[in-house]
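S.K.: Right, I'll just put the structure down here and ask away after.
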Amino acid sequence: MSLVMNGEPLQKINFFRWVDWMDTINGINLFESHRFGRYFRRAFYVLQLAQLLVAYNLVVSCLQNTTLEEFAKRFNEFGGILLTFSRLLVINHHKHDLRQTANFINVSAFHGLNERASAIRHRTVANARKFLSTLLLVQIVTLAFWFLLAEYQARKQNVLLPMLTYLPFGDSDQWPEAAKFAFRLYFYLANTQLLFTFFGSYVITSCYLLALTIELRILNDSYIGAPSESGVALVAFLKERSIYKSALHQHITIVKRLMNGGVLLELVFIVCLLTINGLRLCTMTSDWIEVALSSSMILIYLFELFQYCWQVDEMELLHKQHSFAVYSTPWTGGRSLRSIKALMLITIPASQKPLGFKCGGMYQLSSVLFASMLQFIYSLLMMLLQFK
């Protein structure tokens, strides 16, 4: 059941204005705020039929004697499509649980606990806004440059689209110019919406991690205001925070399940992408414009994965610091010592146990994994170059 405040259901986590907009226009529509979201969701599946042509071209090029340069281009295009749809499926699978987590965060009693709580929230959100807004701008510029390049190559080579070498419906040379323009416009709209879905799915996961990190930081800070003497007031103080931490941990588990199913494919894709494009650069002479486009998308994937790892590390650190915050309260001596000890024996060991964010249940998600992945890619690339 949705929580309600002033007669309105609380669902969204709106750190940024454009998060709501992006959730509406792409294929996610996590919160279904109004009918336009449902219309755009239907339009998403109609537009994304264009991606079947990209998959068709990848299959045909693999069946033929294609070059590494051509295969790398096809793989870069199809890999982004596959990754976007995998994120979409995972988020839709966990949609009900994500709405419950949003409700839990929106009605948190710790948001207005004191001035420090507001300052913690605003400072964290401000830093995230700068990072995510910059990443969004980079993706929009990359997409616009890709469209201009595709249009230029299509007119120069007199083809329908340079990335669609093979078409299942025959030769397009006889098409009228209006039909060619309409087809290219359809393809560009499909890829624009695909980019917003790709980035929107990332922002949703990132915002949930950010929201839960803020809750942990405010919770740890709240122990500064613990009652100065051990007694009934301190028991009530610790009990309230123990119950809240338990509920918070349940919602962290929801995000863990979300990332466990989605990040593994992203990790595998980044390894394949960097290895194939590394071989391409080391063994062939590529067009610098194509290299720049591929590099920009690879950097976006790396930045997103690094940000996941960095946020998870920060959440793990705050989780461990919670035990120190509890232990620092004035619990020794006084009345109700037995009740205080019971609460501490429950809270402190639970906080010392790692949260354990995983990728596919196999790899621990952390900055160590990110560094190990880069080292593995470098070793794999050097090995492949030896057998060139």
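If you're wondering about the labels, chains in the structure tokens are A, B, ... by order shown, residues count from 1 in each chain, ligands from 1 in order shown.
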For range 315-324 of chain A, find every residue with an atom within 6 Å (counting only C-alpha atoms), except residues of its own chain fewer than 5 positions away, and show them as a list in words.
M.R.: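 Here the qualifying residues turn out to be Thr213, Asn220, Ile348, Ser351 and Gln352 of chain A.
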S.K.: Using only C-alpha atoms, which residues sit within 12 Å of Asn114 in chain A once same-chain residues fewer than 5 positions away are excluded, as a ChimeraX atom specification?
M.R.: /A:109,119-121,218-219,221-225
S.K.: Mind writing the picked residues with N, CA and C atoms as a PDB file, in the first residue's frame?
M.R.:
```pdb
ATOM      1  N   ALA A 109      11.466  10.387   8.990  1.00  0.00           N
ATOM      2  CA  ALA A 109      11.393  11.354  10.082  1.00  0.00           C
ATOM      3  C   ALA A 109      12.726  12.033  10.345  1.00  0.00           C
ATOM      4  N   ALA A 119      21.536  20.249   5.994  1.00  0.00           N
ATOM      5  CA  ALA A 119      22.816  20.599   5.363  1.00  0.00           C
ATOM      6  C   ALA A 119      23.450  19.375   4.708  1.00  0.00           C
ATOM      7  N   ILE A 120      23.378  18.220   5.364  1.00  0.00           N
ATOM      8  CA  ILE A 120      23.929  16.983   4.804  1.00  0.00           C
ATOM      9  C   ILE A 120      23.225  16.625   3.507  1.00  0.00           C
ATOM     10  N   ARG A 121      21.908  16.735   3.525  1.00  0.00           N
ATOM     11  CA  ARG A 121      21.128  16.391   2.339  1.00  0.00           C
ATOM     12  C   ARG A 121      21.441  17.332   1.181  1.00  0.00           C
ATOM     13  N   ILE A 218      22.755  10.842   7.713  1.00  0.00           N
ATOM     14  CA  ILE A 218      21.944  11.575   8.699  1.00  0.00           C
ATOM     15  C   ILE A 218      21.736  10.734   9.951  1.00  0.00           C
ATOM     16  N   LEU A 219      21.502   9.429   9.765  1.00  0.00           N
ATOM     17  CA  LEU A 219      21.306   8.537  10.917  1.00  0.00           C
ATOM     18  C   LEU A 219      22.546   8.523  11.804  1.00  0.00           C
ATOM     19  N   ASP A 221      24.872  10.803  12.022  1.00  0.00           N
ATOM     20  CA  ASP A 221      25.042  12.128  12.617  1.00  0.00           C
ATOM     21  C   ASP A 221      24.075  12.349  13.775  1.00  0.00           C
ATOM     22  N   SER A 222      22.914  11.700  13.740  1.00  0.00           N
ATOM     23  CA  SER A 222      21.899  11.937  14.776  1.00  0.00           C
ATOM     24  C   SER A 222      22.333  11.447  16.155  1.00  0.00           C
ATOM     25  N   TYR A 223      23.322  10.553  16.224  1.00  0.00           N
ATOM     26  CA  TYR A 223      23.773  10.038  17.518  1.00  0.00           C
ATOM     27  C   TYR A 223      24.526  11.096  18.321  1.00  0.00           C
ATOM     28  N   ILE A 224      24.919  12.188  17.650  1.00  0.00           N
ATOM     29  CA  ILE A 224      25.557  13.291  18.389  1.00  0.00           C
ATOM     30  C   ILE A 224      24.598  13.880  19.417  1.00  0.00           C
ATOM     31  N   GLY A 225      23.316  13.847  19.096  1.00  0.00           N
ATOM     32  CA  GLY A 225      22.310  14.410  20.007  1.00  0.00           C
ATOM     33  C   GLY A 225      21.736  13.407  20.983  1.00  0.00           C
TER      34      GLY A 225
END
```
S.K.: Between A:Glu70, A:Glu266, A:Asp313, A:Asp287, single out the one closest to Tyr301 in chain A, counting only C-alpha atoms.
M.R.: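 Among the listed residues, A:Glu266 lies closest to Tyr301 in chain A.
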S.K.: Could you name the residues that touch range 156-164 of chain A at 8 Å or less, counting only C-alpha atoms, but leaving out those on the same chain fewer than 3 positions away, as a ChimeraX atom specification?
M.R.: /A:53-54,57,74,150-153,167,172-173,180,184
S.K.: Nearest residue to Asn29 in chain A out of A:Leu143, A:Leu185, A:Ala128, A:Ile204, using only C-alpha atoms?
M.R.: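 Among A:Leu143, A:Leu185, A:Ala128, A:Ile204, it is A:Ile204 that comes nearest to Asn29 in chain A.
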S.K.: Check the smallest atom-to-atom distance from each of A:Lys245, A:Lys95, A:Arg17, A:Arg155 to Ser201 in chain A using only C-alpha atoms, then report the winner.
M.R.: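 Comparing A:Lys245, A:Lys95, A:Arg17, A:Arg155 against Ser201 in chain A, the winner is A:Lys95.
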S.K.: Write out as number ranges by chain which residues come within 12 Å of Glu304 in chain A when counting only C-alpha atoms, dropping same-chain ones fewer than 2 positions away.
M.R.: A: 131-132, 135-136, 139, 198-203, 205-206, 263, 266-267, 270, 297-302, 306-311, 370
S.K.: Output as CSV one row per residue of range 185-294 of chain A within 12 Å of range 77-85 of chain A: the closest atom pair and its distance in Å to one decimal place, counting only C-alpha atoms, sorted by chain and residue number ascending.
M.R.:
```
residue,atom,partner,partner_atom,distance
A:Ala190,CA,A:Ile81,CA,10.9
A:Asn191,CA,A:Ile81,CA,9.1
A:Thr192,CA,A:Ile81,CA,11.8
A:Gln193,CA,A:Thr84,CA,10.8
A:Leu194,CA,A:Thr84,CA,7.3
A:Leu195,CA,A:Thr84,CA,8.2
A:Phe196,CA,A:Thr84,CA,9.6
A:Thr197,CA,A:Thr84,CA,6.8
A:Phe198,CA,A:Thr84,CA,4.9
A:Phe199,CA,A:Thr84,CA,8.6
A:Gly200,CA,A:Thr84,CA,9.7
A:Ser201,CA,A:Thr84,CA,7.8
A:Tyr202,CA,A:Thr84,CA,9.3
A:Gly261,CA,A:Leu83,CA,12.0
A:Gly262,CA,A:Leu83,CA,8.8
A:Val263,CA,A:Leu83,CA,9.6
A:Leu264,CA,A:Leu83,CA,10.4
A:Leu265,CA,A:Leu83,CA,7.2
A:Glu266,CA,A:Leu83,CA,6.5
A:Leu267,CA,A:Leu83,CA,10.1
A:Val268,CA,A:Leu83,CA,10.2
A:Phe269,CA,A:Gly79,CA,6.9
A:Ile270,CA,A:Gly79,CA,9.1
A:Val271,CA,A:Gly79,CA,11.5
A:Cys272,CA,A:Gly79,CA,9.4
A:Leu273,CA,A:Gly79,CA,8.0
A:Leu274,CA,A:Gly79,CA,11.7
A:Ile276,CA,A:Gly79,CA,11.8
A:Glu290,CA,A:Glu77,CA,11.9
A:Leu293,CA,A:Glu77,CA,11.0
A:Ser294,CA,A:Glu77,CA,9.3
```
S.K.: Show me, as a PyMOL selection string, the residues that have an atom within 7 Å of range 40-42 of chain A when counting only C-alpha atoms, minus same-chain residues fewer than 5 positions from it.
M.R.: chain A and resi 24-29
S.K.: Counting only C-alpha atoms, which of A:Ala154, A:Ile243, A:Leu248, A:Leu88 gets nearest to Gln100 in chain A?
M.R.: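 Smallest distance to Gln100 in chain A is found for A:Leu248.
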